[in-house]
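Everything below belongs to protein_29.pdb, which stores PDB, N, CA and C atoms.
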ATOM      1  N   MET L  77       0.843  -1.184   0.000
ATOM      2  CA  MET L  77       0.000   0.000   0.000
ATOM      3  C   MET L  77       0.885   1.244   0.000
ATOM      4  N   LYS L  78       0.411   2.272  -0.671
ATOM      5  CA  LYS L  78       1.156   3.526  -0.718
ATOM      6  C   LYS L  78       0.959   4.301   0.573
ATOM      7  N   ASP L  79       1.989   4.990   0.985
ATOM      8  CA  ASP L  79       1.908   5.801   2.195
ATOM      9  C   ASP L  79       1.300   7.159   1.871
ATOM     10  N   GLY L  80       0.481   7.679   2.805
ATOM     11  CA  GLY L  80      -0.043   9.029   2.690
ATOM     12  C   GLY L  80      -1.327   9.175   1.879
ATOM     13  N   ILE L  81      -1.846   8.113   1.278
ATOM     14  CA  ILE L  81      -3.073   8.258   0.485
ATOM     15  C   ILE L  81      -4.289   7.634   1.168
ATOM     16  N   HIS L  82      -4.103   6.896   2.241
ATOM     17  CA  HIS L  82      -5.187   6.220   2.929
ATOM     18  C   HIS L  82      -5.647   7.024   4.139
ATOM     19  N   PRO L  83      -6.967   6.978   4.434
ATOM     20  CA  PRO L  83      -7.456   7.710   5.613
ATOM     21  C   PRO L  83      -7.004   7.026   6.905
ATOM     22  N   THR L  84      -7.056   7.757   8.004
ATOM     23  CA  THR L  84      -6.667   7.220   9.305
ATOM     24  C   THR L  84      -7.724   6.230   9.782
ATOM     25  N   TYR L  85      -7.280   5.086  10.259
ATOM     26  CA  TYR L  85      -8.190   4.055  10.744
ATOM     27  C   TYR L  85      -8.211   4.093  12.258
ATOM     28  N   TYR L  86      -9.409   4.247  12.840
ATOM     29  CA  TYR L  86      -9.573   4.288  14.286
ATOM     30  C   TYR L  86     -10.125   2.948  14.753
ATOM     31  N   LYS L  87      -9.373   2.274  15.613
ATOM     32  CA  LYS L  87      -9.819   0.975  16.123
ATOM     33  C   LYS L  87     -10.857   1.119  17.229
ATOM     34  N   ASP L  88     -10.941   2.286  17.806
ATOM     35  CA  ASP L  88     -11.876   2.511  18.903
ATOM     36  C   ASP L  88     -12.944   3.561  18.541
ATOM     37  N   ALA L  89     -13.458   3.509  17.340
ATOM     38  CA  ALA L  89     -14.504   4.437  16.911
ATOM     39  C   ALA L  89     -15.809   4.088  17.627
ATOM     40  N   VAL L  90     -16.633   5.112  17.886
ATOM     41  CA  VAL L  90     -17.869   4.919  18.643
ATOM     42  C   VAL L  90     -19.065   5.202  17.730
ATOM     43  N   ILE L  91     -20.028   4.264  17.750
ATOM     44  CA  ILE L  91     -21.290   4.462  17.043
ATOM     45  C   ILE L  91     -22.349   4.723  18.097
ATOM     46  N   LYS L  92     -23.047   5.866  17.985
ATOM     47  CA  LYS L  92     -24.093   6.224  18.936
ATOM     48  C   LYS L  92     -25.438   6.184  18.216
ATOM     49  N   CYS L  93     -26.396   5.495  18.841
ATOM     50  CA  CYS L  93     -27.737   5.375  18.281
ATOM     51  C   CYS L  93     -28.654   6.406  18.939
ATOM     52  N   ALA L  94     -29.759   6.722  18.272
ATOM     53  CA  ALA L  94     -30.738   7.660  18.807
ATOM     54  C   ALA L  94     -31.413   7.110  20.059
ATOM     55  N   CYS L  95     -31.445   5.793  20.212
ATOM     56  CA  CYS L  95     -32.068   5.180  21.391
ATOM     57  C   CYS L  95     -31.156   5.243  22.611
ATOM     58  N   GLY L  96     -29.891   5.603  22.422
ATOM     59  CA  GLY L  96     -28.963   5.727  23.543
ATOM     60  C   GLY L  96     -27.890   4.656  23.564
ATOM     61  N   ALA L  97     -28.007   3.624  22.770
ATOM     62  CA  ALA L  97     -27.004   2.557  22.741
ATOM     63  C   ALA L  97     -25.745   3.051  22.029
ATOM     64  N   SER L  98     -24.576   2.547  22.452
ATOM     65  CA  SER L  98     -23.324   2.910  21.783
ATOM     66  C   SER L  98     -22.476   1.646  21.622
ATOM     67  N   TYR L  99     -21.712   1.622  20.541
ATOM     68  CA  TYR L  99     -20.908   0.454  20.196
ATOM     69  C   TYR L  99     -19.507   0.903  19.817
ATOM     70  N   LEU L 100     -18.516   0.090  20.150
ATOM     71  CA  LEU L 100     -17.134   0.333  19.736
ATOM     72  C   LEU L 100     -16.852  -0.506  18.502
ATOM     73  N   VAL L 101     -16.376   0.165  17.446
ATOM     74  CA  VAL L 101     -16.066  -0.521  16.197
ATOM     75  C   VAL L 101     -14.802   0.088  15.603
ATOM     76  N   GLY L 102     -14.342  -0.491  14.519
ATOM     77  CA  GLY L 102     -13.230   0.079  13.780
ATOM     78  C   GLY L 102     -13.759   0.835  12.576
ATOM     79  N   SER L 103     -13.276   2.071  12.366
ATOM     80  CA  SER L 103     -13.786   2.882  11.269
ATOM     81  C   SER L 103     -12.787   3.977  10.917
ATOM     82  N   THR L 104     -13.017   4.610   9.793
ATOM     83  CA  THR L 104     -12.193   5.751   9.403
ATOM     84  C   THR L 104     -12.748   7.050   9.994
ATOM     85  N   GLU L 105     -13.908   6.975  10.619
ATOM     86  CA  GLU L 105     -14.505   8.112  11.329
ATOM     87  C   GLU L 105     -14.357   7.860  12.826
ATOM     88  N   LYS L 106     -14.076   8.907  13.592
ATOM     89  CA  LYS L 106     -13.903   8.746  15.036
ATOM     90  C   LYS L 106     -15.238   8.507  15.734
ATOM     91  N   GLU L 107     -16.294   9.214  15.287
ATOM     92  CA  GLU L 107     -17.620   9.078  15.876
ATOM     93  C   GLU L 107     -18.671   9.015  14.787
ATOM     94  N   LEU L 108     -19.630   8.107  14.954
ATOM     95  CA  LEU L 108     -20.742   7.973  14.016
ATOM     96  C   LEU L 108     -22.047   8.001  14.801
ATOM     97  N   SER L 109     -23.110   8.553  14.202
ATOM     98  CA  SER L 109     -24.423   8.508  14.843
ATOM     99  C   SER L 109     -25.423   7.915  13.858
ATOM    100  N   VAL L 110     -26.285   7.051  14.386
ATOM    101  CA  VAL L 110     -27.300   6.380  13.566
ATOM    102  C   VAL L 110     -28.660   6.552  14.217
ATOM    103  N   GLU L 111     -29.723   6.383  13.422
ATOM    104  CA  GLU L 111     -31.082   6.515  13.943
ATOM    105  C   GLU L 111     -31.610   5.209  14.527
ATOM    106  N   ILE L 112     -31.263   4.087  13.922
ATOM    107  CA  ILE L 112     -31.769   2.782  14.358
ATOM    108  C   ILE L 112     -30.606   1.801  14.456
ATOM    109  N   CYS L 113     -30.599   1.034  15.544
ATOM    110  CA  CYS L 113     -29.575  -0.009  15.709
ATOM    111  C   CYS L 113     -30.272  -1.326  16.037
ATOM    112  N   SER L 114     -29.491  -2.364  16.307
ATOM    113  CA  SER L 114     -30.083  -3.672  16.598
ATOM    114  C   SER L 114     -30.810  -3.680  17.937
ATOM    115  N   ALA L 115     -30.522  -2.728  18.810
ATOM    116  CA  ALA L 115     -31.204  -2.667  20.108
ATOM    117  C   ALA L 115     -32.618  -2.098  19.984
ATOM    118  N   CYS L 116     -32.874  -1.280  18.956
ATOM    119  CA  CYS L 116     -34.197  -0.660  18.828
ATOM    120  C   CYS L 116     -34.898  -0.998  17.510
ATOM    121  N   HIS L 117     -34.287  -1.773  16.632
ATOM    122  CA  HIS L 117     -34.910  -2.125  15.351
ATOM    123  C   HIS L 117     -36.020  -3.143  15.573
ATOM    124  N   PRO L 118     -37.204  -2.947  14.945
ATOM    125  CA  PRO L 118     -38.340  -3.861  15.143
ATOM    126  C   PRO L 118     -38.042  -5.310  14.756
ATOM    127  N   PHE L 119     -37.174  -5.527  13.793
ATOM    128  CA  PHE L 119     -36.848  -6.892  13.381
ATOM    129  C   PHE L 119     -36.194  -7.661  14.523
ATOM    130  N   TYR L 120     -35.325  -6.989  15.268
ATOM    131  CA  TYR L 120     -34.599  -7.655  16.355
ATOM    132  C   TYR L 120     -35.363  -7.626  17.672
ATOM    133  N   THR L 121     -36.160  -6.578  17.906
ATOM    134  CA  THR L 121     -36.867  -6.455  19.184
ATOM    135  C   THR L 121     -38.244  -7.099  19.163
ATOM    136  N   GLY L 122     -38.860  -7.213  17.987
ATOM    137  CA  GLY L 122     -40.202  -7.768  17.891
ATOM    138  C   GLY L 122     -41.276  -6.751  18.198
ATOM    139  N   LYS L 123     -40.907  -5.513  18.476
ATOM    140  CA  LYS L 123     -41.872  -4.453  18.768
ATOM    141  C   LYS L 123     -42.156  -3.675  17.496
ATOM    142  N   GLN L 124     -43.407  -3.246  17.366
ATOM    143  CA  GLN L 124     -43.775  -2.433  16.200
ATOM    144  C   GLN L 124     -43.505  -0.980  16.540
ATOM    145  N   LYS L 125     -42.578  -0.382  15.825
ATOM    146  CA  LYS L 125     -42.240   1.023  16.037
ATOM    147  C   LYS L 125     -42.061   1.639  14.654
ATOM    148  N   LEU L 126     -42.916   2.598  14.327
ATOM    149  CA  LEU L 126     -42.832   3.229  13.021
ATOM    150  C   LEU L 126     -41.966   4.476  13.097
ATOM    151  N   VAL L 127     -41.025   4.567  12.208
ATOM    152  CA  VAL L 127     -40.225   5.768  12.100
ATOM    153  C   VAL L 127     -40.855   6.574  10.984
ATOM    154  N   ASP L 128     -41.584   7.600  11.381
ATOM    155  CA  ASP L 128     -42.361   8.385  10.429
ATOM    156  C   ASP L 128     -41.631   9.682  10.116
ATOM    157  N   THR L 129     -41.241   9.838   8.879
ATOM    158  CA  THR L 129     -40.578  11.053   8.445
ATOM    159  C   THR L 129     -41.557  11.883   7.648
ATOM    160  N   ALA L 130     -41.850  13.048   8.138
ATOM    161  CA  ALA L 130     -42.729  14.020   7.465
ATOM    162  C   ALA L 130     -44.130  13.474   7.227
ATOM    163  N   GLY L 131     -44.645  12.626   8.122
ATOM    164  CA  GLY L 131     -46.015  12.155   8.017
ATOM    165  C   GLY L 131     -46.273  11.216   6.860
ATOM    166  N   ARG L 132     -45.291  10.509   6.387
ATOM    167  CA  ARG L 132     -45.457   9.631   5.220
ATOM    168  C   ARG L 132     -46.394   8.469   5.512
ATOM    169  N   VAL L 133     -46.312   7.934   6.720
ATOM    170  CA  VAL L 133     -47.180   6.816   7.079
ATOM    171  C   VAL L 133     -48.631   7.285   7.109
ATOM    172  N   ASP L 134     -48.869   8.470   7.703
ATOM    173  CA  ASP L 134     -50.237   9.006   7.761
ATOM    174  C   ASP L 134     -50.769   9.284   6.359
ATOM    175  N   LYS L 135     -49.931   9.831   5.490
ATOM    176  CA  LYS L 135     -50.347  10.106   4.116
ATOM    177  C   LYS L 135     -50.708   8.804   3.399
ATOM    178  N   PHE L 136     -49.901   7.765   3.611
ATOM    179  CA  PHE L 136     -50.158   6.476   2.976
ATOM    180  C   PHE L 136     -51.471   5.887   3.466
ATOM    181  N   LYS L 137     -51.705   5.941   4.781
ATOM    182  CA  LYS L 137     -52.949   5.404   5.335
ATOM    183  C   LYS L 137     -54.158   6.170   4.804
ATOM    184  N   ALA L 138     -54.031   7.496   4.677
ATOM    185  CA  ALA L 138     -55.134   8.306   4.147
ATOM    186  C   ALA L 138     -55.423   7.941   2.696
ATOM    187  N   ARG L 139     -54.374   7.735   1.894
ATOM    188  CA  ARG L 139     -54.556   7.354   0.488
ATOM    189  C   ARG L 139     -55.227   5.994   0.382
ATOM    190  N   MET L 140     -54.810   5.054   1.201
ATOM    191  CA  MET L 140     -55.404   3.716   1.169
ATOM    192  C   MET L 140     -56.872   3.764   1.586
ATOM    193  N   GLU L 141     -57.195   4.566   2.593
ATOM    194  CA  GLU L 141     -58.581   4.698   3.034
ATOM    195  C   GLU L 141     -59.447   5.328   1.942
ATOM    196  N   ALA L 142     -58.915   6.354   1.277
ATOM    197  CA  ALA L 142     -59.654   7.000   0.192
ATOM    198  C   ALA L 142     -59.868   6.027  -0.969
ATOM    199  N   ALA L 143     -58.857   5.227  -1.278
ATOM    200  CA  ALA L 143     -58.983   4.256  -2.359
ATOM    201  C   ALA L 143     -60.020   3.189  -2.011
ATOM    202  N   THR L 144     -60.053   2.767  -0.765
ATOM    203  CA  THR L 144     -61.028   1.768  -0.334
ATOM    204  C   THR L 144     -62.443   2.316  -0.445
ATOM    205  N   LYS L 145     -62.633   3.580  -0.026
ATOM    206  CA  LYS L 145     -63.958   4.200  -0.128
ATOM    207  C   LYS L 145     -64.383   4.344  -1.583
ATOM    208  N   ALA L 146     -63.448   4.744  -2.447
ATOM    209  CA  ALA L 146     -63.766   4.912  -3.866
ATOM    210  C   ALA L 146     -64.134   3.574  -4.494
ATOM    211  N   ARG L 147     -63.423   2.529  -4.136
ATOM    212  CA  ARG L 147     -63.708   1.204  -4.677
ATOM    213  C   ARG L 147     -65.073   0.722  -4.194
ATOM    214  N   ALA L 148     -65.394   0.976  -2.919
ATOM    215  CA  ALA L 148     -66.690   0.559  -2.382
ATOM    216  C   ALA L 148     -67.816   1.331  -3.066
ATOM    217  N   LYS L 149     -67.586   2.607  -3.331
ATOM    218  CA  LYS L 149     -68.602   3.419  -4.003
ATOM    219  C   LYS L 149     -68.810   2.935  -5.437
ATOM    220  N   LYS L 150     -67.717   2.559  -6.095
ATOM    221  CA  LYS L 150     -67.792   2.096  -7.479
ATOM    222  C   LYS L 150     -68.507   0.752  -7.565
ATOM    223  N   ASP L 151     -68.248  -0.127  -6.607
ATOM    224  CA  ASP L 151     -68.822  -1.473  -6.627
ATOM    225  C   ASP L 151     -70.240  -1.527  -6.060
ATOM    226  N   ALA L 152     -70.694  -0.468  -5.399
ATOM    227  CA  ALA L 152     -72.027  -0.460  -4.791
ATOM    228  C   ALA L 152     -73.088  -0.472  -5.890
ATOM    229  N   PRO L 153     -74.228  -1.125  -5.616
ATOM    230  CA  PRO L 153     -75.293  -1.130  -6.626
ATOM    231  C   PRO L 153     -75.828   0.288  -6.817
ATOM    232  N   LYS L 154     -76.107   0.619  -8.055
ATOM    233  CA  LYS L 154     -76.585   1.956  -8.361
ATOM    234  C   LYS L 154     -78.065   2.053  -8.016
ATOM    235  N   VAL L 155     -78.416   3.113  -7.354
ATOM    236  CA  VAL L 155     -79.801   3.353  -6.962
ATOM    237  C   VAL L 155     -80.397   4.291  -7.997
ATOM    238  N   THR L 156     -81.439   3.813  -8.640
ATOM    239  CA  THR L 156     -82.112   4.645  -9.628
ATOM    240  C   THR L 156     -83.551   4.814  -9.213
ATOM    241  N   GLY L 157     -84.138   5.938  -9.567
ATOM    242  CA  GLY L 157     -85.537   6.182  -9.248
ATOM    243  C   GLY L 157     -86.432   5.366 -10.154
ATOM    244  N   GLU L 158     -87.602   5.071  -9.668
ATOM    245  CA  GLU L 158     -88.538   4.306 -10.480
ATOM    246  C   GLU L 158     -89.149   5.218 -11.540
ATOM    247  N   VAL L 159     -89.370   4.669 -12.688
ATOM    248  CA  VAL L 159     -90.018   5.414 -13.757
ATOM    249  C   VAL L 159     -91.518   5.227 -13.590
ATOM    250  N   VAL L 160     -92.197   6.334 -13.378
ATOM    251  CA  VAL L 160     -93.639   6.276 -13.181
ATOM    252  C   VAL L 160     -94.299   6.689 -14.485
ATOM    253  N   LYS L 161     -95.092   5.786 -15.039
ATOM    254  CA  LYS L 161     -95.790   6.085 -16.290
ATOM    255  C   LYS L 161     -97.108   6.779 -15.971
ATOM    256  N   THR L 162     -97.427   7.736 -16.790
ATOM    257  CA  THR L 162     -98.722   8.393 -16.620
ATOM    258  C   THR L 162     -99.788   7.483 -17.202
ATOM    259  N   GLU L 163    -100.957   7.622 -16.667
ATOM    260  CA  GLU L 163    -102.042   6.768 -17.130
ATOM    261  C   GLU L 163    -102.421   7.144 -18.559
ATOM    262  N   GLU L 164    -102.508   6.152 -19.365
ATOM    263  CA  GLU L 164    -102.921   6.375 -20.745
ATOM    264  C   GLU L 164    -104.426   6.133 -20.835
ATOM    265  N   LYS L 165    -105.047   6.930 -21.606
ATOM    266  CA  LYS L 165    -106.483   6.764 -21.760
ATOM    267  C   LYS L 165    -106.748   5.647 -22.759
ATOM    268  N   ALA L 166    -107.386   4.604 -22.293
ATOM    269  CA  ALA L 166    -107.675   3.460 -23.148
ATOM    270  C   ALA L 166    -108.838   3.745 -24.088
ATOM    271  N   ASP L 167    -109.694   4.676 -23.696
ATOM    272  CA  ASP L 167    -110.870   4.988 -24.518
ATOM    273  C   ASP L 167    -110.475   5.745 -25.775
ATOM    274  N   LYS L 168    -109.422   6.461 -25.696
ATOM    275  CA  LYS L 168    -109.055   7.318 -26.808
ATOM    276  C   LYS L 168    -108.342   6.505 -27.884
ATOM    277  N   LYS L 169    -108.852   6.559 -29.060
ATOM    278  CA  LYS L 169    -108.251   5.836 -30.184
ATOM    279  C   LYS L 169    -107.580   6.849 -31.082
ATOM    280  N   PRO L 170    -106.571   6.413 -31.807
ATOM    281  CA  PRO L 170    -105.923   7.353 -32.712
ATOM    282  C   PRO L 170    -106.874   7.776 -33.826
ATOM    283  N   LYS L 171    -106.761   9.023 -34.181
ATOM    284  CA  LYS L 171    -107.630   9.551 -35.234
ATOM    285  C   LYS L 171    -107.113   9.117 -36.585
ATOM    286  N   VAL L 172    -108.025   8.675 -37.405
ATOM    287  CA  VAL L 172    -107.675   8.298 -38.763
ATOM    288  C   VAL L 172    -108.327   9.327 -39.678
ATOM    289  N   ILE L 173    -107.518   9.986 -40.417
ATOM    290  CA  ILE L 173    -108.034  11.016 -41.321
ATOM    291  C   ILE L 173    -108.160  10.399 -42.700
ATOM    292  N   LYS L 174    -109.364  10.452 -43.199
ATOM    293  CA  LYS L 174    -109.596   9.925 -44.536
ATOM    294  C   LYS L 174    -109.803  11.112 -45.447
ATOM    295  N   ASP L 175    -108.909  11.244 -46.333
ATOM    296  CA  ASP L 175    -109.019  12.337 -47.302
ATOM    297  C   ASP L 175    -108.903  11.717 -48.665
ATOM    298  N   ASP L 176    -110.030  11.606 -49.340
ATOM    299  CA  ASP L 176    -110.058  10.962 -50.648
ATOM    300  C   ASP L 176    -109.357  11.811 -51.687
ATOM    301  N   LYS L 177    -109.273  13.067 -51.465
ATOM    302  CA  LYS L 177    -108.664  13.945 -52.462
ATOM    303  C   LYS L 177    -107.154  13.720 -52.571
ATOM    304  N   LYS L 178    -106.573  13.315 -51.501
ATOM    305  CA  LYS L 178    -105.117  13.101 -51.501
ATOM    306  C   LYS L 178    -104.739  11.884 -52.300
ATOM    307  N   PHE L 179    -105.546  10.881 -52.202
ATOM    308  CA  PHE L 179    -105.176   9.611 -52.789
ATOM    309  C   PHE L 179    -105.962   9.326 -54.067
ATOM    310  N   ASP L 180    -105.919  10.197 -54.969
ATOM    311  CA  ASP L 180    -106.593   9.960 -56.245
ATOM    312  C   ASP L 180    -105.786   8.985 -57.056
ATOM    313  N   LYS L 181    -106.558   8.135 -57.758
ATOM    314  CA  LYS L 181    -105.866   7.182 -58.583
ATOM    315  C   LYS L 181    -105.896   7.560 -59.986
TER     316      LYS L 181
END
Written as structure tokens, that's how I'd like the structure from this file.
Amino acid sequence: MKDGIHPTYYKDAVIKCACGASYLVGSTEKELSVEICSACHPFYTGKQKLVDTAGRVDKFKARMEAATKARAKKDAPKVTGEVVKTEEKADKKPKVIKDDKKFDK
């Protein structure tokens, strides 16, 4: 390896998590900070903890709820009003006009 081109390696670098846990590791950085570690990650702890950045989870839930309502509205049977027919007069017959002058042979 060439001298002078590699970063300094710290064998006692510290990683600090947002939950308060800290770990000693080897790194080219003296101190590192992380948001989630194995002590607070849901996969390792079995606890459900949502890390919500800028309300993304709430926005997603709202979109899913709106989509569900729209789908239910689309699939619902359509309600139509009944067509009410007016009473037709059975006594009244159509007028037949006989005009012999029109139909001359």
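The coordinates place atom C of L:Phe119 at 26.2 Å from atom N of L:Met140.
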Neighbouring residues of L:Glu105 were defined as those with any atom within 7 Å, considering only C-alpha atoms; residues of the same chain fewer than 3 positions away were excluded. Please report them as an NGL selection string.
:L and (86 or 89 or 108)
query = Between atom C of L:His117 and atom N of L:Ser98, what is the spacing in Å?
reply =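 Between atom N of L:Ser98 and atom C of L:His117 the gap works out to 14.5 Å.
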query: Hey, can you check how far atom CA of L:Lys87 sits from atom CA of L:Pro118?
result: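 Separation of atom CA of L:Lys87 and atom CA of L:Pro118: 28.9 Å.
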